[in-house]
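Data block below; observations after.
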Amino acid sequence: MKTTRFFHGTVSILENVKLARATYRLRLASAELAGLIAPGQFLMLRFPDRWDPLLGRAFAMMDTVRDETGQPHAVDIGYFVVGKMTRLLERLRPGDQLSVWGPLGKPFPRYDGVGDLVLIGGGIGHTPFLALAQRALGLVGYAGQPARRECDRVVLVYGTRTADLLAGVTDFERLGVAVHISTEDGSAGRAGRVTDVLAELPRPQRGDYWVACGPMPMLRAVAQLAQSWQVPCHVALESPMACGTGICYSCVVPTRTLEGWDYSRVCVDGPVLDVCQIVWDKI
Ligand code: FES
C-alpha cells in the first residue's frame with residue numbers, strides 16, 4: 001500500500017475560536033494531515049482565492065482532534081493577530097477554505113526517561129506544547145505511533161505581557177500539567193518573565209529537560225540559564241518562513257559545525273534545535 005507522508009490541498013474550517021485577546025484556535029478539517037503530523041511540526045497556510053498575501057505562512061500544530069473511535073480527523077493551530085495574514089484568518093468562519101501543506105519540519109524528539117519535562121512558553125509560543133505534553137505523558141499517540149509515556153512529570157512555565165493574553169491554560173491543567181504563570185505587568189501569576197519563574201523553581205535535577213518556544217530574546221535568556229545550570233534544553237524556533245521546504249533560506253539561524261559555524265534552515269533542520277547547537281552571539 002502506498003504511504004503518503006505529505007498533504008497538500010484545500011481544507012475546510014471547522015472552528016475559529018477566540019482563546020484570549022487577539023489569540024485564536026483555528027480547526028482545519030483534514031483526516032490525512034491529522035494522521036501524519038506530530039508535535040513540533042508545522043504547516044503552511046495560504047488563502048486559495050487571494051494573491052495578497054502571496055506566500056504561505058507557517059503555523060505550529062497545536063493539537064490533532066480525534067473522533068469517538070480515536071481517529072484523528074482535524075488539526076488545530078493557534079495564532080495571534082499581528083499582521084495582514086492573521087487579520088484575514090480572524091475573519092474565517094466554519095465552511096471557509098484554506099490551502100494547506102504539511103507536515104513540515106522535524107517533530108520534538110522523544111523525552112524517554114526524563115524526570116521533569118519543563119515546557120517554557122512566551123506569548124503564543126506555548127502553542128506546540130499542548131500536543132507535546134499529551135505525547136510525553138502517554139495520553140495520545142501522533143502520526144500513527146501508539147501512546148507511550150516518556151517522562152515522569154510535565155511542567156509548563158508560561159509568560160505573557162498581561163493577563164488577558166493568557167490562552168488555553170486550563171487545557172494544560174486538565175492534563176495534570178503543573179502550570180506556573182508569569183505576566184510582565186503582574187496582572188496574573190508572578191510579576192516578571194519566565195526566567196524569573198525558572199529561577200524560583202527548585203533547581204533542576206539530573207534527568208530533567210527544558211523545552212522553550214517564544215520570542216528570540218526569551219529563548220536567548222532561557223538558553224543562558226540552561227547552559228549555566230547545565231540543563232539539557234531544546235528550543236522550537238519561530239523564524240519567518242517563505243517556503244517551509246528548504247528552498248528559500250529565509251529562515252536560517254547560525255549553528256555550530258566542526259569547522260566553526262554555518263547557517264541551518266529552521267524549516268528543515270528544525271524547528272526544534274538544541275540550545276548548544278545555536279551560535280547565540282551571531283543572531
Ligand atoms: Fe524557505 Fe526555510 S522557509 S528555506
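Numbering starts fresh at 1 for the residues of each chain in the C-alpha cells, the chains themselves are lettered A, B, ... in the order given, and ligands are numbered from 1 as they appear.
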Mind running chain A against ligand 1 at 6 Å and telling me each contacting residue's nearest atom pair with the distance in Å (one decimal), counting only C-alpha atoms and all ligand atoms, chain and number ascending, as a tab-separated table?
```
residue	atom	partner	partner_atom_place_in_ligand_line	distance
A:Met241	CA	ligand 1	3 (S)	3.7
A:Ala242	CA	ligand 1	3 (S)	4.6
A:Cys243	CA	ligand 1	1 (Fe)	4.0
A:Gly244	CA	ligand 1	3 (S)	3.9
A:Thr245	CA	ligand 1	1 (Fe)	5.6
A:Gly246	CA	ligand 1	4 (S)	3.4
A:Ile247	CA	ligand 1	4 (S)	4.4
A:Cys248	CA	ligand 1	1 (Fe)	3.8
A:Tyr249	CA	ligand 1	4 (S)	3.7
A:Ser250	CA	ligand 1	1 (Fe)	5.2
A:Cys251	CA	ligand 1	2 (Fe)	4.5
A:Arg265	CA	ligand 1	2 (Fe)	5.1
A:Val266	CA	ligand 1	2 (Fe)	5.8
A:Cys267	CA	ligand 1	2 (Fe)	4.4
```
Need the shell around stretch 160-167 of chain A: protein/DNA/RNA residues with any atom at most 7 Å away, counting only C-alpha atoms. Skip same-chain ones fewer than 3 positions apart. Format as a ChimeraX atom specification?
/A:19-21,122-123,182-185,187-188
Can you spit out the residues from that selection as a compact mmCIF listing (two decimals), in the first residue's frame, using C-alpha atoms?
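Printed below is result-v6.txt as written:
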```txt
# COMPACT_ATOMS: atom_id res chain seq x y z
CA LEU A 19 -8.98 31.90 23.33
CA ALA A 20 -7.71 35.24 24.65
CA ARG A 21 -7.23 38.82 23.43
CA GLY A 122 6.34 33.00 25.87
CA GLY A 123 3.44 34.79 24.14
CA SER A 182 4.19 35.00 34.72
CA THR A 183 2.99 38.34 33.36
CA GLU A 184 5.23 41.34 32.80
CA ASP A 185 2.73 43.72 34.45
CA SER A 187 -1.81 41.11 36.41
CA ALA A 188 -1.64 37.28 36.76
```
As a ChimeraX atom specification, please: every residue in stretch 104-270 of chain A that a backbone DSSP assignment puts in strand (DSSP E or B).
/A:104,114-122,151-160,178-183,190-191,209-213,233-236,252-256,261-265
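When only C-alpha atoms are used to measure the gap to A:Thr23, the shortest distance among A:Asp281, A:Glu90, A:Asp274, A:Asp112 belongs to A:Glu90.
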Based on the backbone DSSP call, show me all residues of stretch 49-112 of chain A assigned helix (DSSP H, G or I), as a list of chain:residue names.
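Across stretch 49-112 of chain A, those assigned helix (DSSP H, G or I) are A:Lys84, A:Met85, A:Thr86, A:Arg87, A:Leu88, A:Leu89, A:Glu90.
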For atom CA of A:Ala221 and atom CA of A:Thr257, quote the distance in Å rounded to one decimal.
22.6 Å
Name the residues in contact with A:Gly144 at a cut-off of 10 Å, using only C-alpha atoms, excluding same-chain residues fewer than 6 positions from it; report them as a PyMOL selection string.
chain A and resi 34-38+71-72
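Excluding A:Ala236 itself and any same-chain residue fewer than 6 positions from it, the protein and nucleic acid residues within 7 Å of it, counting only C-alpha atoms, are Ala212, Cys213, Pro271, Val272 and Leu273 of chain A.
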Could you please take those selected residues and save N, CA, C and O atoms as a PDB file, in the first residue's frame?
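The file below, part-v4.pdb, is the result:
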```
ATOM      1  N   ALA A 212      11.830  25.143  25.147  1.00  0.00           N
ATOM      2  CA  ALA A 212      11.314  26.517  25.143  1.00  0.00           C
ATOM      3  C   ALA A 212      10.851  26.919  23.749  1.00  0.00           C
ATOM      4  O   ALA A 212      11.404  26.481  22.741  1.00  0.00           O
ATOM      5  N   CYS A 213       9.823  27.769  23.711  1.00  0.00           N
ATOM      6  CA  CYS A 213       9.341  28.326  22.445  1.00  0.00           C
ATOM      7  C   CYS A 213       8.771  29.707  22.731  1.00  0.00           C
ATOM      8  O   CYS A 213       7.994  29.878  23.680  1.00  0.00           O
ATOM      9  N   PRO A 271      12.031  22.738  13.283  1.00  0.00           N
ATOM     10  CA  PRO A 271      12.253  23.940  14.088  1.00  0.00           C
ATOM     11  C   PRO A 271      12.821  23.686  15.482  1.00  0.00           C
ATOM     12  O   PRO A 271      13.162  24.623  16.187  1.00  0.00           O
ATOM     13  N   VAL A 272      12.964  22.389  15.872  1.00  0.00           N
ATOM     14  CA  VAL A 272      13.447  22.094  17.219  1.00  0.00           C
ATOM     15  C   VAL A 272      14.963  21.897  17.158  1.00  0.00           C
ATOM     16  O   VAL A 272      15.453  21.026  16.435  1.00  0.00           O
ATOM     17  N   LEU A 273      15.701  22.728  17.880  1.00  0.00           N
ATOM     18  CA  LEU A 273      17.162  22.620  17.912  1.00  0.00           C
ATOM     19  C   LEU A 273      17.637  22.619  19.353  1.00  0.00           C
ATOM     20  O   LEU A 273      16.980  23.187  20.240  1.00  0.00           O
TER      21      LEU A 273
END
```
Pick out the residues sitting within 6 Å of A:Pro39, and hand them over as a list in words; count only C-alpha atoms, and ignore anything fewer than 2 positions along from it in its own chain.
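Answer for this query is Gln41, Pro107, Ala131 and Leu132 of chain A.
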Computed gap from atom CA of A:Val179 to atom CA of A:Ile120 is 10.1 Å
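Atom CA of A:Met62 is positioned 26.2 Å from atom CA of A:Leu201.
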Polymer residues at most 12 Å from A:Gly78, only C-alpha atoms, same-chain spacing of 6 or more positions, as a PyMOL selection string:
chain A and resi 15-20+22-28+42-43+58-64+86+89-90+123-130+167-168
